[in-house]
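Asker: Just one file: start.cif, with mmCIF, C-alpha atoms.
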```cif
data_model
loop_
_atom_site.label_atom_id
_atom_site.label_comp_id
_atom_site.auth_asym_id
_atom_site.auth_seq_id
_atom_site.Cartn_x
_atom_site.Cartn_y
_atom_site.Cartn_z
CA MET A 1 91.35 102.71 76.09
CA ILE A 2 91.67 99.06 77.06
CA LEU A 3 90.06 97.32 80.01
CA VAL A 4 91.70 94.21 81.42
CA ILE A 5 89.55 92.14 83.76
CA THR A 6 91.05 89.20 85.60
CA ARG A 7 88.93 86.79 87.62
CA ALA A 8 90.72 84.39 89.95
CA ARG A 9 89.79 81.92 92.64
CA ILE A 10 92.50 81.77 95.29
CA ARG A 11 93.22 78.72 97.46
CA ALA A 12 92.24 79.56 101.05
CA GLU A 13 95.63 78.54 102.42
CA GLN A 14 97.32 80.97 99.99
CA ARG A 15 95.06 83.95 100.73
CA GLU A 16 97.59 85.96 102.78
CA ILE A 17 100.33 85.47 100.18
CA PHE A 18 97.93 86.65 97.46
CA LEU A 19 96.81 89.69 99.47
CA SER A 20 100.45 90.67 100.12
CA ALA A 21 101.22 90.35 96.41
CA ILE A 22 98.23 92.55 95.55
CA GLU A 23 99.30 95.17 98.06
CA ALA A 24 102.81 95.22 96.58
CA VAL A 25 101.62 95.68 92.99
CA LEU A 26 98.85 98.29 93.48
CA ALA A 27 100.81 101.49 94.17
CA PRO A 28 103.56 101.10 91.54
CA THR A 29 101.02 100.09 88.90
CA ARG A 30 98.86 103.14 89.58
CA LEU A 31 101.95 105.32 88.95
CA GLU A 32 102.73 103.78 85.56
CA ALA A 33 102.40 105.77 82.35
CA GLY A 34 99.05 105.10 80.73
CA ASN A 35 97.38 103.68 83.84
CA MET A 36 93.87 105.02 84.32
CA GLY A 37 92.79 102.68 87.12
CA TYR A 38 93.82 99.51 88.89
CA ASP A 39 91.45 98.03 91.46
CA ILE A 40 90.66 94.67 93.02
CA CYS A 41 87.44 93.42 94.56
CA GLU A 42 86.57 90.27 96.45
CA SER A 43 83.20 88.61 95.97
CA LEU A 44 80.82 88.98 98.89
CA THR A 45 79.21 85.62 98.08
CA GLU A 46 82.27 83.55 97.11
CA PRO A 47 85.18 83.82 99.54
CA ASN A 48 88.60 84.00 97.89
CA TYR A 49 87.15 84.90 94.48
CA PHE A 50 88.75 88.12 93.26
CA VAL A 51 88.22 90.43 90.28
CA LEU A 52 91.08 92.69 89.22
CA MET A 53 90.05 95.62 87.01
CA GLU A 54 92.63 97.55 85.02
CA ARG A 55 92.14 100.56 82.74
CA TRP A 56 94.93 101.56 80.34
CA LYS A 57 95.20 104.27 77.71
CA SER A 58 96.51 101.74 75.16
CA HIS A 59 97.44 98.10 74.56
CA GLY A 60 101.07 99.24 74.59
CA ASP A 61 100.69 100.62 78.11
CA SER A 62 99.13 97.36 79.27
CA ARG A 63 101.92 95.31 77.64
CA ALA A 64 104.60 97.53 79.20
CA HIS A 65 102.98 96.99 82.60
CA LEU A 66 103.23 93.22 82.19
CA GLN A 67 106.99 93.55 81.65
CA SER A 68 107.54 95.59 84.83
CA ASP A 69 109.31 93.99 87.79
CA HIS A 70 106.33 94.50 90.09
CA ALA A 71 103.88 92.93 87.63
CA GLN A 72 106.19 89.96 87.06
CA ALA A 73 106.50 89.44 90.83
CA PHE A 74 102.71 89.58 91.17
CA LEU A 75 102.20 87.07 88.35
CA ARG A 76 104.65 84.65 89.97
CA ALA A 77 102.86 84.96 93.31
CA MET A 78 99.43 84.61 91.73
CA ALA A 79 100.51 81.43 89.92
CA GLN A 80 101.24 79.88 93.32
CA CYS A 81 97.92 80.99 94.82
CA VAL A 82 95.21 80.23 92.25
CA ALA A 83 92.87 77.29 92.65
CA ASP A 84 92.29 77.07 88.90
CA MET A 85 93.25 78.94 85.74
CA PRO A 86 92.36 82.66 86.02
CA ARG A 87 90.08 84.15 83.38
CA ILE A 88 91.62 87.24 81.75
CA GLU A 89 89.72 89.45 79.32
CA ALA A 90 91.09 92.41 77.37
CA ILE A 91 88.28 94.67 76.20
CA THR A 92 88.59 97.59 73.81
CA PRO A 93 85.30 99.44 74.19
CA ALA A 94 83.87 101.38 71.25
CA LYS A 95 82.12 103.74 73.64
CA ILE A 96 81.92 104.26 77.36
CA GLU A 97 78.91 106.15 78.64
CA MET A 98 78.92 107.57 82.15
CA LEU A 99 75.58 106.83 83.81
CA SER A 100 76.04 109.14 86.78
#
```
Can you present the structure in this file as structure tokens?

Answerer:
Amino acid sequence: MILVITRARIRAEQREIFLSAIEAVLAPTRLEAGNMGYDICESLTEPNYFVLMERWKSHGDSRAHLQSDHAQAFLRAMAQCVADMPRIEAITPAKIEMLS
């Protein structure tokens, strides 16, 4: 499994464009082969600071997602909306333990 975590600060005047782009990418991404989860959260303490959490069965599945039309459209929209460079981490956990 691979976890991809993206942290992005969105310019306030671009918020609605960003939210529309997120809405457009969520459903088709969740239907992709190898997708195990695709969620976005907004900080309660920092307005317009978002964390996108993706879970994929493999690096190949994640790479295929990035080539999809809906992911490319989202990336173009996000590039217009960010206040600074997003932080993107790809994590391959050795073990995941369920705590509850």

Asker: Selection in question (the file shown): the PyMOL selection byres ((chain A and resi 23) around 12). Which residues does it include, as number ranges by chain?

Answerer: A: 16-22, 24-30, 38-40, 70-71, 73-74, 77

Asker: Please, what distance in Å, to one decimal, runs between atom CA of A:Leu3 and atom CA of A:Gln80?

Answerer: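 Computing it gives 24.6 Å between the two atoms.
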
Asker: Go through A:Ser43, A:Gln14, A:Asn35, A:Thr6 and flag the residue nearest A:Ile88, using only C-alpha atoms for the distances.

Answerer: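 Closest to A:Ile88, using only C-alpha atoms: A:Thr6.
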
Asker: Give as a list in words the residues that the PyMOL selection byres ((chain A and resi 63) around 12) matches when applied to the coordinates above.

Answerer: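 Taken over the shown coordinates, the PyMOL selection byres ((chain A and resi 63) around 12) returns Ile2, Val4, Glu32, Ala33, Gly34, Asn35, Trp56, Lys57, Ser58, His59, Gly60, Asp61, Ser62, Ala64, His65, Leu66, Gln67, Ser68, Ala71, Gln72 and Ala90 of chain A.
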
Asker: Mind dumping the selected residues with C-alpha atoms as a PDB file, in the frame of the given file?

Answerer:
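Output file out30.pdb follows:
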```pdb
ATOM      1  CA  ILE A   2      91.670  99.060  77.060  1.00  0.00           C
ATOM      2  CA  VAL A   4      91.700  94.210  81.420  1.00  0.00           C
ATOM      3  CA  GLU A  32     102.730 103.780  85.560  1.00  0.00           C
ATOM      4  CA  ALA A  33     102.400 105.770  82.350  1.00  0.00           C
ATOM      5  CA  GLY A  34      99.050 105.100  80.730  1.00  0.00           C
ATOM      6  CA  ASN A  35      97.380 103.680  83.840  1.00  0.00           C
ATOM      7  CA  TRP A  56      94.930 101.560  80.340  1.00  0.00           C
ATOM      8  CA  LYS A  57      95.200 104.270  77.710  1.00  0.00           C
ATOM      9  CA  SER A  58      96.510 101.740  75.160  1.00  0.00           C
ATOM     10  CA  HIS A  59      97.440  98.100  74.560  1.00  0.00           C
ATOM     11  CA  GLY A  60     101.070  99.240  74.590  1.00  0.00           C
ATOM     12  CA  ASP A  61     100.690 100.620  78.110  1.00  0.00           C
ATOM     13  CA  SER A  62      99.130  97.360  79.270  1.00  0.00           C
ATOM     14  CA  ALA A  64     104.600  97.530  79.200  1.00  0.00           C
ATOM     15  CA  HIS A  65     102.980  96.990  82.600  1.00  0.00           C
ATOM     16  CA  LEU A  66     103.230  93.220  82.190  1.00  0.00           C
ATOM     17  CA  GLN A  67     106.990  93.550  81.650  1.00  0.00           C
ATOM     18  CA  SER A  68     107.540  95.590  84.830  1.00  0.00           C
ATOM     19  CA  ALA A  71     103.880  92.930  87.630  1.00  0.00           C
ATOM     20  CA  GLN A  72     106.190  89.960  87.060  1.00  0.00           C
ATOM     21  CA  ALA A  90      91.090  92.410  77.370  1.00  0.00           C
TER      22      ALA A  90
END
```

Asker: May I ask for the distance between atom CA of A:Ala8 and atom CA of A:Val82, given in Å to one decimal place?

Answerer: 6.5 Å

Asker: Taking every listed atom of stretch 36-50 of chain A and adding 8 Å to each side, what centre and edge lengths in Å (one decimal) does the axis-aligned box have, as lines of an AutoDock Vina configuration file?

Answerer:
```
center_x = 86.5
center_y = 94.3
center_z = 91.9
size_x = 30.7
size_y = 37.5
size_z = 31.2
```

Asker: Rounded to one decimal, what separation in Å do you get between atom CA of A:Ala83 and atom CA of A:Leu31?

Answerer: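 Between atom CA of A:Ala83 and atom CA of A:Leu31 the gap works out to 29.7 Å.
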
Asker: Of the candidates A:Leu52, A:Met1, A:Thr45, A:Met36, which one gets nearest to A:Pro93 if we count only C-alpha atoms?

Answerer: A:Met1

Asker: With distances taken over all atoms listed in the file, which residue among A:Cys41, A:Met98, A:Ile91, A:Ile10 lies nearest A:Arg55?

Answerer: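 Comparing A:Cys41, A:Met98, A:Ile91, A:Ile10 against A:Arg55, the winner is A:Ile91.
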
Asker: Enumerate, as an MDAnalysis selection string, the protein, DNA and RNA residues whose atoms approach (91.9, 78.2, 89.7) to within 10 Å, taking into account all atoms listed in the file and the coordinate frame of the file.

Answerer: chainID A and resid 7:11 49 79 81:87

Asker: Missing atoms in stretch 25-54 of chain A: can you complete it with N, CA and C atoms, as a compact mmCIF listing (two decimals), in the coordinates of the input?

Answerer:
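Writing the result to selection_25.txt gives the following:
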```
# COMPACT_ATOMS: atom_id res chain seq x y z
N VAL A 25 101.72 95.29 94.40
CA VAL A 25 101.62 95.68 92.99
C VAL A 25 100.72 96.91 92.77
N LEU A 26 99.82 97.20 93.70
CA LEU A 26 98.85 98.29 93.48
C LEU A 26 99.51 99.66 93.28
N ALA A 27 100.27 100.13 94.24
CA ALA A 27 100.81 101.49 94.17
C ALA A 27 101.72 101.72 92.97
N PRO A 28 102.71 100.84 92.69
CA PRO A 28 103.56 101.10 91.54
C PRO A 28 102.80 101.03 90.21
N THR A 29 101.80 100.18 90.14
CA THR A 29 101.02 100.09 88.90
C THR A 29 100.23 101.37 88.67
N ARG A 30 99.65 101.91 89.72
CA ARG A 30 98.86 103.14 89.58
C ARG A 30 99.72 104.33 89.16
N LEU A 31 101.03 104.24 89.35
CA LEU A 31 101.95 105.32 88.95
C LEU A 31 102.48 105.16 87.53
N GLU A 32 102.19 104.04 86.90
CA GLU A 32 102.73 103.78 85.56
C GLU A 32 102.10 104.69 84.51
N ALA A 33 102.91 105.00 83.49
CA ALA A 33 102.40 105.77 82.35
C ALA A 33 101.26 105.00 81.71
N GLY A 34 100.19 105.70 81.42
CA GLY A 34 99.05 105.10 80.73
C GLY A 34 98.04 104.42 81.64
N ASN A 35 98.33 104.32 82.93
CA ASN A 35 97.38 103.68 83.84
C ASN A 35 96.27 104.65 84.18
N MET A 36 95.04 104.19 84.02
CA MET A 36 93.87 105.02 84.32
C MET A 36 93.08 104.46 85.50
N GLY A 37 93.47 103.29 85.99
CA GLY A 37 92.79 102.68 87.12
C GLY A 37 93.25 101.25 87.30
N TYR A 38 93.36 100.87 88.56
CA TYR A 38 93.82 99.51 88.89
C TYR A 38 93.21 99.17 90.24
N ASP A 39 92.19 98.32 90.24
CA ASP A 39 91.45 98.03 91.46
C ASP A 39 91.18 96.53 91.56
N ILE A 40 90.99 96.07 92.79
CA ILE A 40 90.66 94.67 93.02
C ILE A 40 89.49 94.60 93.99
N CYS A 41 88.61 93.65 93.72
CA CYS A 41 87.44 93.42 94.56
C CYS A 41 87.35 91.94 94.90
N GLU A 42 86.84 91.65 96.08
CA GLU A 42 86.57 90.27 96.45
C GLU A 42 85.07 90.07 96.48
N SER A 43 84.62 88.95 95.97
CA SER A 43 83.20 88.61 95.97
C SER A 43 82.66 88.55 97.39
N LEU A 44 81.48 89.07 97.59
CA LEU A 44 80.82 88.98 98.89
C LEU A 44 80.17 87.61 99.09
N THR A 45 79.91 86.91 98.00
CA THR A 45 79.21 85.62 98.08
C THR A 45 80.13 84.42 97.89
N GLU A 46 81.32 84.63 97.33
CA GLU A 46 82.27 83.55 97.11
C GLU A 46 83.62 83.94 97.72
N PRO A 47 83.90 83.48 98.92
CA PRO A 47 85.18 83.82 99.54
C PRO A 47 86.36 83.41 98.65
N ASN A 48 87.38 84.25 98.64
CA ASN A 48 88.60 84.00 97.89
C ASN A 48 88.43 84.05 96.38
N TYR A 49 87.35 84.67 95.91
CA TYR A 49 87.15 84.90 94.48
C TYR A 49 87.35 86.40 94.24
N PHE A 50 88.36 86.74 93.45
CA PHE A 50 88.75 88.12 93.26
C PHE A 50 88.59 88.55 91.80
N VAL A 51 88.28 89.83 91.62
CA VAL A 51 88.22 90.43 90.28
C VAL A 51 89.15 91.63 90.28
N LEU A 52 90.12 91.60 89.39
CA LEU A 52 91.08 92.69 89.22
C LEU A 52 90.67 93.46 87.97
N MET A 53 90.49 94.78 88.12
CA MET A 53 90.05 95.62 87.01
C MET A 53 91.11 96.66 86.70
N GLU A 54 91.60 96.62 85.46
CA GLU A 54 92.63 97.55 85.02
C GLU A 54 92.09 98.40 83.88
```
